[in-house]
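Peer 1: Have a peek at target06.json (JSON, C-alpha atoms and all ligand atoms).
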```json
[["chain", "number", "residue", "atom", "x", "y", "z"],
["A", 1, "MET", "CA", 15.50, -2.74, 11.16],
["A", 2, "GLU", "CA", 12.02, -4.24, 11.38],
["A", 3, "ARG", "CA", 11.45, -7.75, 10.16],
["A", 4, "ILE", "CA", 8.05, -9.38, 9.72],
["A", 5, "PRO", "CA", 7.87, -12.75, 11.50],
["A", 6, "ILE", "CA", 6.93, -15.82, 9.46],
["A", 7, "LEU", "CA", 5.20, -18.63, 11.35],
["A", 8, "ARG", "CA", 5.31, -22.18, 10.15],
["A", 9, "ILE", "CA", 2.32, -24.41, 10.84],
["A", 10, "GLY", "CA", 2.57, -27.82, 9.24],
["A", 11, "GLU", "CA", 2.98, -27.26, 5.53],
["A", 12, "MET", "CA", 1.87, -23.67, 5.73],
["A", 13, "LEU", "CA", 3.60, -20.38, 6.31],
["A", 14, "LEU", "CA", 1.63, -17.64, 8.02],
["A", 15, "VAL", "CA", 2.42, -13.96, 7.92],
["A", 16, "SER", "CA", 0.43, -11.23, 9.58],
["A", 17, "ILE", "CA", 1.60, -7.74, 8.71],
["A", 18, "GLN", "CA", 1.05, -5.59, 11.76],
["A", 19, "VAL", "CA", 3.23, -2.58, 10.99],
["A", 20, "ASP", "CA", 3.13, 0.30, 8.55],
["A", 21, "LEU", "CA", 5.40, -1.27, 5.94],
["A", 22, "GLN", "CA", 8.53, 0.51, 4.85],
["A", 23, "ASP", "CA", 9.62, -0.36, 1.34],
["A", 24, "HIS", "CA", 12.75, -2.03, 2.63],
["A", 25, "THR", "CA", 10.78, -4.15, 5.09],
["A", 26, "ALA", "CA", 8.42, -5.24, 2.31],
["A", 27, "LEU", "CA", 11.34, -6.35, 0.12],
["A", 28, "MET", "CA", 12.88, -8.23, 3.02],
["A", 29, "LEU", "CA", 9.61, -10.05, 3.64],
["A", 30, "GLN", "CA", 9.46, -11.03, -0.02],
["A", 31, "ASP", "CA", 12.96, -12.53, 0.18],
["A", 32, "ASP", "CA", 12.37, -14.17, 3.55],
["A", 33, "LEU", "CA", 9.20, -15.85, 2.32],
["A", 34, "SER", "CA", 10.88, -17.30, -0.76],
["A", 35, "ASN", "CA", 13.71, -18.65, 1.37],
["A", 36, "ARG", "CA", 11.35, -20.16, 3.92],
["A", 37, "ILE", "CA", 9.30, -21.87, 1.22],
["A", 38, "VAL", "CA", 12.43, -23.54, -0.07],
["A", 39, "GLU", "CA", 13.74, -24.43, 3.40],
["A", 40, "THR", "CA", 10.48, -25.87, 4.67],
["A", 41, "GLY", "CA", 8.91, -27.20, 1.50],
["A", 42, "ALA", "CA", 5.77, -25.32, 2.47],
["A", 43, "LYS", "CA", 2.81, -25.77, 0.14],
["A", 44, "GLY", "CA", 0.77, -22.81, 1.22],
["A", 45, "VAL", "CA", 1.42, -19.21, 2.22],
["A", 46, "LEU", "CA", -1.19, -17.12, 3.97],
["A", 47, "ILE", "CA", -0.63, -13.38, 4.22],
["A", 48, "ASP", "CA", -2.94, -11.48, 6.55],
["A", 49, "ILE", "CA", -3.13, -7.80, 5.61],
["A", 50, "SER", "CA", -6.13, -6.89, 7.76],
["A", 51, "ALA", "CA", -4.00, -4.44, 9.75],
["A", 52, "LEU", "CA", -2.68, -2.69, 6.63],
["A", 53, "GLU", "CA", -4.26, 0.74, 6.24],
["A", 54, "ILE", "CA", -3.05, 1.19, 2.69],
["A", 55, "VAL", "CA", -1.71, -0.90, -0.16],
["A", 56, "ASP", "CA", 0.14, 1.28, -2.64],
["A", 57, "SER", "CA", 1.84, 0.20, -5.86],
["A", 58, "PHE", "CA", 5.03, -0.82, -4.07],
["A", 59, "ILE", "CA", 3.31, -3.07, -1.55],
["A", 60, "GLY", "CA", 1.00, -4.31, -4.30],
["A", 61, "ARG", "CA", 3.94, -5.30, -6.42],
["A", 62, "MET", "CA", 5.52, -7.07, -3.45],
["A", 63, "ILE", "CA", 2.34, -9.09, -2.97],
["A", 64, "SER", "CA", 2.08, -9.99, -6.68],
["A", 65, "THR", "CA", 5.72, -10.96, -6.88],
["A", 66, "THR", "CA", 5.49, -13.07, -3.74],
["A", 67, "ALA", "CA", 2.49, -14.94, -5.17],
["A", 68, "ALA", "CA", 4.29, -15.51, -8.48],
["A", 69, "VAL", "CA", 7.53, -16.65, -6.86],
["A", 70, "SER", "CA", 5.75, -19.00, -4.48],
["A", 71, "ARG", "CA", 3.89, -20.57, -7.40],
["A", 72, "VAL", "CA", 7.18, -21.28, -9.13],
["A", 73, "LEU", "CA", 8.34, -22.86, -5.88],
["A", 74, "ASP", "CA", 5.21, -25.04, -5.83],
["A", 75, "ALA", "CA", 3.35, -23.19, -3.10],
["A", 76, "GLU", "CA", 0.02, -21.36, -3.20],
["A", 77, "THR", "CA", -0.36, -17.88, -1.74],
["A", 78, "VAL", "CA", -3.60, -16.47, -0.41],
["A", 79, "VAL", "CA", -3.93, -12.88, 0.79],
["A", 80, "VAL", "CA", -6.62, -12.35, 3.42],
["A", 81, "GLY", "CA", -8.34, -9.56, 5.26],
["A", 82, "MET", "CA", -8.02, -6.63, 2.91],
["A", 83, "GLN", "CA", -10.03, -3.72, 4.30],
["A", 84, "PRO", "CA", -12.85, -2.49, 2.03],
["A", 85, "ALA", "CA", -11.42, 1.04, 1.83],
["A", 86, "VAL", "CA", -8.09, -0.44, 0.77],
["A", 87, "ALA", "CA", -9.76, -2.55, -1.92],
["A", 88, "ILE", "CA", -11.64, 0.44, -3.34],
["A", 89, "THR", "CA", -8.47, 2.53, -3.40],
["A", 90, "LEU", "CA", -6.45, -0.21, -5.01],
["A", 91, "VAL", "CA", -8.85, -0.51, -7.92],
["A", 92, "GLU", "CA", -8.89, 3.23, -8.51],
["A", 93, "LEU", "CA", -5.11, 3.38, -8.31],
["A", 94, "GLY", "CA", -5.09, 0.84, -11.14],
["A", 95, "LEU", "CA", -3.58, -2.11, -9.30],
["A", 96, "THR", "CA", -5.00, -5.43, -10.37],
["A", 97, "LEU", "CA", -3.02, -7.83, -8.17],
["A", 98, "SER", "CA", -3.31, -10.27, -11.05],
["A", 99, "GLY", "CA", -2.57, -13.84, -10.14],
["A", 100, "VAL", "CA", -3.11, -13.20, -6.44],
["A", 101, "ARG", "CA", -5.76, -15.26, -4.67],
["A", 102, "THR", "CA", -7.66, -13.46, -1.94],
["A", 103, "ALA", "CA", -10.07, -14.43, 0.81],
["A", 104, "LEU", "CA", -12.11, -12.35, 3.22],
["A", 105, "ASP", "CA", -10.58, -13.69, 6.40],
["A", 106, "VAL", "CA", -8.02, -16.10, 7.80],
["A", 107, "ASP", "CA", -10.55, -18.95, 8.15],
["A", 108, "ARG", "CA", -11.59, -18.78, 4.55],
["A", 109, "GLY", "CA", -8.01, -18.34, 3.42],
["A", 110, "LEU", "CA", -6.94, -21.48, 5.27],
["A", 111, "ARG", "CA", -9.82, -23.41, 3.77],
["A", 112, "MET", "CA", -8.86, -22.20, 0.32],
["A", 113, "LEU", "CA", -5.29, -23.34, 0.83],
["A", 114, "ARG", "CA", -6.39, -26.72, 2.17],
["A", 115, "ASP", "CA", -8.67, -27.23, -0.79],
["A", 116, "SER", "CA", -6.01, -26.47, -3.34],
["A", 117, "VAL", "CA", -3.18, -28.35, -1.69],
["A", 118, "GLU", "CA", -3.08, -31.97, -0.60],
["A", 119, "PHE", "CA", -2.44, -31.62, 3.08],
["A", 120, "PRO", "CA", -2.24, -34.62, 5.34],
["A", 121, "VAL", "CA", -5.62, -35.29, 6.91],
["A", 122, "VAL", "CA", -6.49, -32.35, 9.10],
["A", 123, "GLU", "CA", -9.30, -32.81, 11.58],
["A", 124, "ARG", "CA", -11.35, -29.73, 11.35],
["A", 125, "GLY", "CA", -14.94, -28.58, 11.43],
["A", 126, "VAL", "CA", -17.87, -30.70, 10.39],
["A", 127, "THR", "CA", -17.17, -34.27, 9.37],
["A", 128, "PRO", "CA", -19.81, -36.35, 7.54],
["A", 129, "ASP", "CA", -20.63, -38.42, 10.61],
["A", 130, "ASP", "CA", -20.84, -35.47, 12.93],
["A", 131, "GLY", "CA", -24.57, -35.31, 13.60],
["A", 132, "ARG", "CA", -24.24, -32.37, 15.97],
["A", 133, "ALA", "CA", -23.06, -29.92, 13.34],
["A", 134, "ASP", "CA", -24.12, -26.37, 14.24],
["B", 1, "MET", "CA", -5.58, 34.79, 14.93],
["B", 2, "THR", "CA", -7.57, 33.84, 11.86],
["B", 3, "ASP", "CA", -8.06, 30.32, 10.64],
["B", 4, "ALA", "CA", -5.64, 30.91, 7.80],
["B", 5, "PRO", "CA", -4.74, 27.47, 6.47],
["B", 6, "THR", "CA", -1.01, 28.11, 6.55],
["B", 7, "ASP", "CA", -1.16, 28.06, 10.33],
["B", 8, "ASP", "CA", -1.53, 24.29, 10.18],
["B", 9, "GLN", "CA", 1.27, 23.62, 7.75],
["B", 10, "THR", "CA", 3.74, 20.94, 8.69],
["B", 11, "VAL", "CA", 6.90, 20.26, 6.73],
["B", 12, "LEU", "CA", 8.49, 16.82, 6.72],
["B", 13, "PRO", "CA", 11.78, 15.90, 5.05],
["B", 14, "LEU", "CA", 11.89, 13.04, 2.55],
["B", 15, "LYS", "CA", 15.37, 11.60, 2.75],
["B", 16, "ALA", "CA", 14.81, 7.93, 3.60],
["B", 17, "ASP", "CA", 12.29, 5.07, 3.47],
["B", 18, "SER", "CA", 11.17, 5.78, 7.00],
["B", 19, "ASP", "CA", 10.23, 9.34, 6.01],
["B", 20, "VAL", "CA", 7.66, 7.96, 3.59],
["B", 21, "VAL", "CA", 5.97, 6.18, 6.49],
["B", 22, "ARG", "CA", 6.07, 9.39, 8.53],
["B", 23, "VAL", "CA", 4.40, 11.35, 5.73],
["B", 24, "ARG", "CA", 1.68, 8.71, 5.46],
["B", 25, "GLN", "CA", 1.03, 8.94, 9.19],
["B", 26, "LEU", "CA", 0.87, 12.73, 9.23],
["B", 27, "VAL", "CA", -1.47, 12.83, 6.22],
["B", 28, "ARG", "CA", -3.67, 10.25, 7.94],
["B", 29, "ASP", "CA", -3.77, 12.35, 11.12],
["B", 30, "VAL", "CA", -4.73, 15.55, 9.31],
["B", 31, "ALA", "CA", -7.28, 13.73, 7.12],
["B", 32, "THR", "CA", -8.84, 12.27, 10.26],
["B", 33, "ALA", "CA", -8.89, 15.66, 11.99],
["B", 34, "VAL", "CA", -10.64, 17.17, 8.97],
["B", 35, "ARG", "CA", -13.05, 14.22, 9.09],
["B", 36, "LEU", "CA", -12.61, 12.88, 5.60],
["B", 37, "SER", "CA", -14.46, 9.60, 5.15],
["B", 38, "LEU", "CA", -12.43, 6.45, 5.71],
["B", 39, "VAL", "CA", -12.33, 5.73, 1.98],
["B", 40, "ASP", "CA", -11.20, 9.28, 1.20],
["B", 41, "GLN", "CA", -8.55, 9.11, 3.92],
["B", 42, "THR", "CA", -7.29, 5.88, 2.43],
["B", 43, "LYS", "CA", -7.19, 7.36, -1.07],
["B", 44, "LEU", "CA", -5.30, 10.45, 0.10],
["B", 45, "VAL", "CA", -2.79, 8.49, 2.18],
["B", 46, "THR", "CA", -2.19, 6.08, -0.70],
["B", 47, "ALA", "CA", -1.64, 8.99, -3.09],
["B", 48, "ALA", "CA", 0.74, 10.60, -0.60],
["B", 49, "SER", "CA", 2.67, 7.37, -0.29],
["B", 50, "GLU", "CA", 3.14, 7.15, -4.06],
["B", 51, "LEU", "CA", 4.27, 10.75, -4.40],
["B", 52, "ALA", "CA", 6.54, 10.62, -1.36],
["B", 53, "ARG", "CA", 8.31, 7.62, -2.87],
["B", 54, "ASN", "CA", 8.70, 9.43, -6.20],
["B", 55, "THR", "CA", 10.22, 12.43, -4.43],
["B", 56, "LEU", "CA", 12.67, 10.10, -2.74],
["B", 57, "VAL", "CA", 13.50, 7.76, -5.62],
["B", 58, "TYR", "CA", 13.36, 10.02, -8.67],
["B", 59, "GLY", "CA", 13.74, 13.45, -7.11],
["B", 60, "GLY", "CA", 16.70, 12.39, -4.96],
["B", 61, "GLY", "CA", 14.87, 13.47, -1.81],
["B", 62, "GLY", "CA", 12.98, 16.61, -0.91],
["B", 63, "GLU", "CA", 10.09, 17.44, 1.38],
["B", 64, "ALA", "CA", 6.37, 17.16, 1.94],
["B", 65, "ARG", "CA", 4.20, 19.99, 3.24],
["B", 66, "VAL", "CA", 0.86, 19.07, 4.72],
["B", 67, "ARG", "CA", -1.86, 21.55, 5.59],
["B", 68, "ARG", "CA", -5.52, 21.84, 6.29],
["B", 69, "LEU", "CA", -7.53, 23.75, 3.68],
["B", 70, "THR", "CA", -10.51, 25.98, 4.33],
["B", 71, "GLN", "CA", -12.50, 27.55, 1.54],
["B", 72, "GLY", "CA", -15.86, 28.96, 2.52],
["B", 73, "THR", "CA", -17.64, 26.08, 4.19],
["B", 74, "SER", "CA", -15.42, 23.44, 2.57],
["B", 75, "VAL", "CA", -12.53, 21.82, 4.34],
["B", 76, "GLY", "CA", -9.85, 19.58, 2.98],
["B", 77, "VAL", "CA", -6.22, 18.51, 3.11],
["B", 78, "GLU", "CA", -3.43, 19.60, 0.80],
["B", 79, "VAL", "CA", -0.08, 17.91, 0.43],
["B", 80, "VAL", "CA", 2.76, 19.39, -1.59],
["B", 81, "PHE", "CA", 5.77, 17.28, -2.58],
["B", 82, "SER", "CA", 8.83, 19.06, -3.85],
["B", 83, "ASP", "CA", 12.34, 18.16, -4.87],
["B", 84, "ASP", "CA", 15.28, 19.71, -6.72],
["B", 85, "GLY", "CA", 15.86, 16.60, -8.78],
["B", 86, "PRO", "CA", 16.11, 16.20, -12.56],
["B", 87, "GLY", "CA", 12.49, 17.13, -13.26],
["B", 88, "ILE", "CA", 10.25, 15.44, -15.82],
["B", 89, "ALA", "CA", 10.74, 16.19, -19.52],
["B", 90, "ASP", "CA", 7.59, 14.56, -20.87],
["B", 91, "THR", "CA", 4.76, 14.93, -18.37],
["B", 92, "ASP", "CA", 2.15, 13.28, -20.63],
["B", 93, "LEU", "CA", 4.30, 10.20, -20.77],
["B", 94, "ALA", "CA", 4.97, 10.26, -17.02],
["B", 95, "LEU", "CA", 1.21, 10.45, -16.44],
["B", 96, "THR", "CA", 0.52, 7.42, -18.62],
["B", 97, "ASP", "CA", -0.71, 4.32, -16.76],
["B", 98, "GLY", "CA", 2.05, 1.76, -16.64],
["B", 99, "TRP", "CA", 4.89, 3.97, -17.78],
["B", 100, "THR", "CA", 7.99, 3.92, -15.62],
["B", 101, "SER", "CA", 11.57, 5.00, -16.20],
["B", 102, "GLY", "CA", 12.64, 2.79, -13.30],
["B", 103, "ASN", "CA", 11.25, -0.56, -12.24],
["B", 104, "GLY", "CA", 7.94, 0.53, -10.71],
["B", 105, "LEU", "CA", 4.45, -0.25, -11.91],
["B", 106, "GLY", "CA", 4.05, 3.20, -13.45],
["B", 107, "LEU", "CA", 0.88, 3.90, -11.49],
["B", 108, "GLY", "CA", 2.12, 6.50, -9.02],
["B", 109, "LEU", "CA", 1.38, 9.70, -10.92],
["B", 110, "SER", "CA", -1.53, 8.47, -13.05],
["B", 111, "GLY", "CA", -3.18, 6.56, -10.22],
["B", 112, "THR", "CA", -2.68, 9.38, -7.76],
["B", 113, "ARG", "CA", -4.45, 11.77, -10.11],
["B", 114, "ARG", "CA", -7.51, 9.50, -9.99],
["B", 115, "LEU", "CA", -7.45, 9.23, -6.21],
["B", 116, "VAL", "CA", -7.53, 12.94, -5.34],
["B", 117, "ASP", "CA", -9.76, 15.93, -6.12],
["B", 118, "ASP", "CA", -7.03, 18.40, -7.07],
["B", 119, "PHE", "CA", -3.80, 17.42, -8.79],
["B", 120, "HIS", "CA", -1.14, 19.76, -10.07],
["B", 121, "LEU", "CA", 2.24, 18.78, -11.53],
["B", 122, "ASP", "CA", 4.84, 21.51, -11.85],
["B", 123, "THR", "CA", 8.13, 20.36, -13.32],
["B", 124, "ALA", "CA", 10.75, 21.04, -15.96],
["B", 125, "PRO", "CA", 14.04, 19.39, -16.89],
["B", 126, "GLY", "CA", 16.68, 20.53, -14.44],
["B", 127, "ALA", "CA", 14.18, 22.51, -12.40],
["B", 128, "GLY", "CA", 12.94, 19.89, -9.95],
["B", 129, "THR", "CA", 9.41, 18.63, -9.46],
["B", 130, "THR", "CA", 6.53, 19.83, -7.34],
["B", 131, "VAL", "CA", 3.29, 17.89, -7.11],
["B", 132, "THR", "CA", 0.32, 19.37, -5.26],
["B", 133, "ILE", "CA", -2.67, 17.25, -4.31],
["B", 134, "ALA", "CA", -5.80, 17.94, -2.31],
["B", 135, "LYS", "CA", -8.83, 16.06, -1.12],
["B", 136, "TRP", "CA", -11.98, 17.80, 0.12],
["B", 137, "ARG", "CA", -14.52, 16.65, 2.64],
["B", 138, "ARG", "CA", -17.74, 15.56, 0.97],
["C", 1, "LIG", "N1", 9.78, 13.61, -8.51],
["C", 1, "LIG", "C1", 10.13, 13.12, -9.71],
["C", 1, "LIG", "N2", 11.28, 13.56, -10.32],
["C", 1, "LIG", "C2", 11.64, 13.07, -11.52],
["C", 1, "LIG", "N3", 10.94, 12.17, -12.22],
["C", 1, "LIG", "C3", 9.79, 11.71, -11.68],
["C", 1, "LIG", "C4", 9.32, 12.15, -10.41],
["C", 1, "LIG", "N4", 8.14, 11.54, -10.15],
["C", 1, "LIG", "C5", 7.90, 10.73, -11.19],
["C", 1, "LIG", "N5", 8.88, 10.83, -12.12],
["C", 1, "LIG", "C6", 8.95, 10.11, -13.42],
["C", 1, "LIG", "O1", 7.65, 9.68, -13.76],
["C", 1, "LIG", "C7", 7.63, 8.25, -13.94],
["C", 1, "LIG", "C8", 6.29, 7.70, -13.53],
["C", 1, "LIG", "O2", 6.14, 7.79, -12.13],
["C", 1, "LIG", "P1", 5.09, 6.85, -11.40],
["C", 1, "LIG", "O3", 3.80, 7.00, -12.12],
["C", 1, "LIG", "O4", 5.12, 7.15, -9.96],
["C", 1, "LIG", "O5", 5.61, 5.38, -11.71],
["C", 1, "LIG", "P2", 6.87, 4.58, -11.08],
["C", 1, "LIG", "O6", 7.21, 5.22, -9.78],
["C", 1, "LIG", "O7", 6.37, 3.20, -10.93],
["C", 1, "LIG", "O8", 7.97, 4.71, -12.08],
["C", 1, "LIG", "C9", 8.79, 7.75, -13.16],
["C", 1, "LIG", "O9", 9.25, 6.51, -13.64],
["C", 1, "LIG", "C10", 9.81, 8.87, -13.34],
["C", 1, "LIG", "O10", 10.47, 8.74, -14.57],
["C", 2, "MG", "MG", 6.06, 6.08, -8.38]]
```
Can I see the file as structure tokens?

Peer 2:
Amino acid sequence: MERIPILRIGEMLLVSIQVDLQDHTALMLQDDLSNRIVETGAKGVLIDISALEIVDSFIGRMISTTAAVSRVLDAETVVVGMQPAVAITLVELGLTLSGVRTALDVDRGLRMLRDSVEFPVVERGVTPDDGRAD
Amino acid sequence: MTDAPTDDQTVLPLKADSDVVRVRQLVRDVATAVRLSLVDQTKLVTAASELARNTLVYGGGGEARVRRLTQGTSVGVEVVFSDDGPGIADTDLALTDGWTSGNGLGLGLSGTRRLVDDFHLDTAPGAGTTVTIAKWRR
């Protein structure tokens, strides 16, 4: 049975879904993520769905539930990389993904998580005294 | 041989979770071969995923038949889902956004109808359920 790997980086959990998700695999991921949040005390969860060719109501519900559960466990979830065709289809299907934060790509998703969560100082990108920015 | 659409028909069983994935992949392949746009492919595959799951969960399993459609200069893809399950007593209710007899989101039938060009629901209590959908190339 397939299992989606969950990577831990500092206070964040990263998941990149690279397979055509069976319902059972989606439910397992939902459970695994909740357990890992509790085990690790993670404050942020980033789910990359850029490789997903569809999001139907089952996968959509899994994503919404994961976001809601993680919030109760004091972690923020951001879903990144949704393909435009998937987004269009989702809206027409009637899925709202209410309560789910999204970002265009992994970079922006990470920034969003960092902004909403107090992470220990992370050196990254342009700092105020970096005159050579860009 | 003519280009009669039935020549392309492929039948897949729907008995397990993994069969739903297989149906999605076949529908994607045929939609790509017929050169539906990416958005239309995505809509059709998503609709097929919803209906395949219904066949499995509510119909107790069944099958999906996928074929290429040709009508004059138009081409498209048709998918037929059928089961010998309990059928649907109140189809208006079943087609209402958000209505579910299980623990779904109640968007499978109603949402699917919005995603495709042709939608036909044939069901009766005790007589199983057949849902036919089609998407045409624009
Ligand atoms: N193949 C089927 N056989 C029997 N009942 C069905 C079938 N497909 C759908 N239904 C009924 O229609 C309802 C609505 O289906 P759907 O819109 O897919 O929502 P959901 O799957 O979330 O319940 C189902 O809850 C079920 O009662
Ligand atoms: Mg359904």

Peer 1: Which of these, B:Lys43, B:Arg113, B:Lys135, B:Lys15, has the shortest distance to chain A once you count only C-alpha atoms?

Peer 2: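 When distances to chain A are compared using only C-alpha atoms, the smallest one comes from B:Lys43.
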
Peer 1: Of the candidates A:Asp105, A:Glu92, A:Asp31, A:Asp20, which shows the shortest atom-to-atom distance to Leu46 of chain A, using all atoms listed in the file?

Peer 2: A:Asp105

Peer 1: Hey, which of A:Val69, A:Ile49, A:Val79, A:Ala26 ends up closest to chain B? Count only C-alpha atoms.

Peer 2: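 Closest to chain B of all the choices is A:Ala26.
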
Peer 1: Compute the chain A side of the contact with chain B at 8 Å, counting only C-alpha atoms, and hand it back as a compact mmCIF listing (two decimals) with C-alpha atoms, in the frame of the given file.

Peer 2:
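File result-v3.txt, as written:
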```txt
# COMPACT_ATOMS: atom_id res chain seq x y z
CA ASP A 20 3.13 0.30 8.55
CA LEU A 21 5.40 -1.27 5.94
CA GLN A 22 8.53 0.51 4.85
CA ASP A 23 9.62 -0.36 1.34
CA HIS A 24 12.75 -2.03 2.63
CA GLU A 53 -4.26 0.74 6.24
CA ILE A 54 -3.05 1.19 2.69
CA VAL A 55 -1.71 -0.90 -0.16
CA ASP A 56 0.14 1.28 -2.64
CA SER A 57 1.84 0.20 -5.86
CA PHE A 58 5.03 -0.82 -4.07
CA ARG A 61 3.94 -5.30 -6.42
CA ALA A 85 -11.42 1.04 1.83
CA VAL A 86 -8.09 -0.44 0.77
CA ILE A 88 -11.64 0.44 -3.34
CA THR A 89 -8.47 2.53 -3.40
CA GLU A 92 -8.89 3.23 -8.51
CA LEU A 93 -5.11 3.38 -8.31
CA GLY A 94 -5.09 0.84 -11.14
CA LEU A 95 -3.58 -2.11 -9.30
```

Peer 1: Within 9 Å of ligand LIG 1 (chain C), counting all atoms listed in the file: which residues, as number ranges by chain?

Peer 2: A: 57-58; B: 50-62, 81-91, 93-112, 123, 125, 128-131
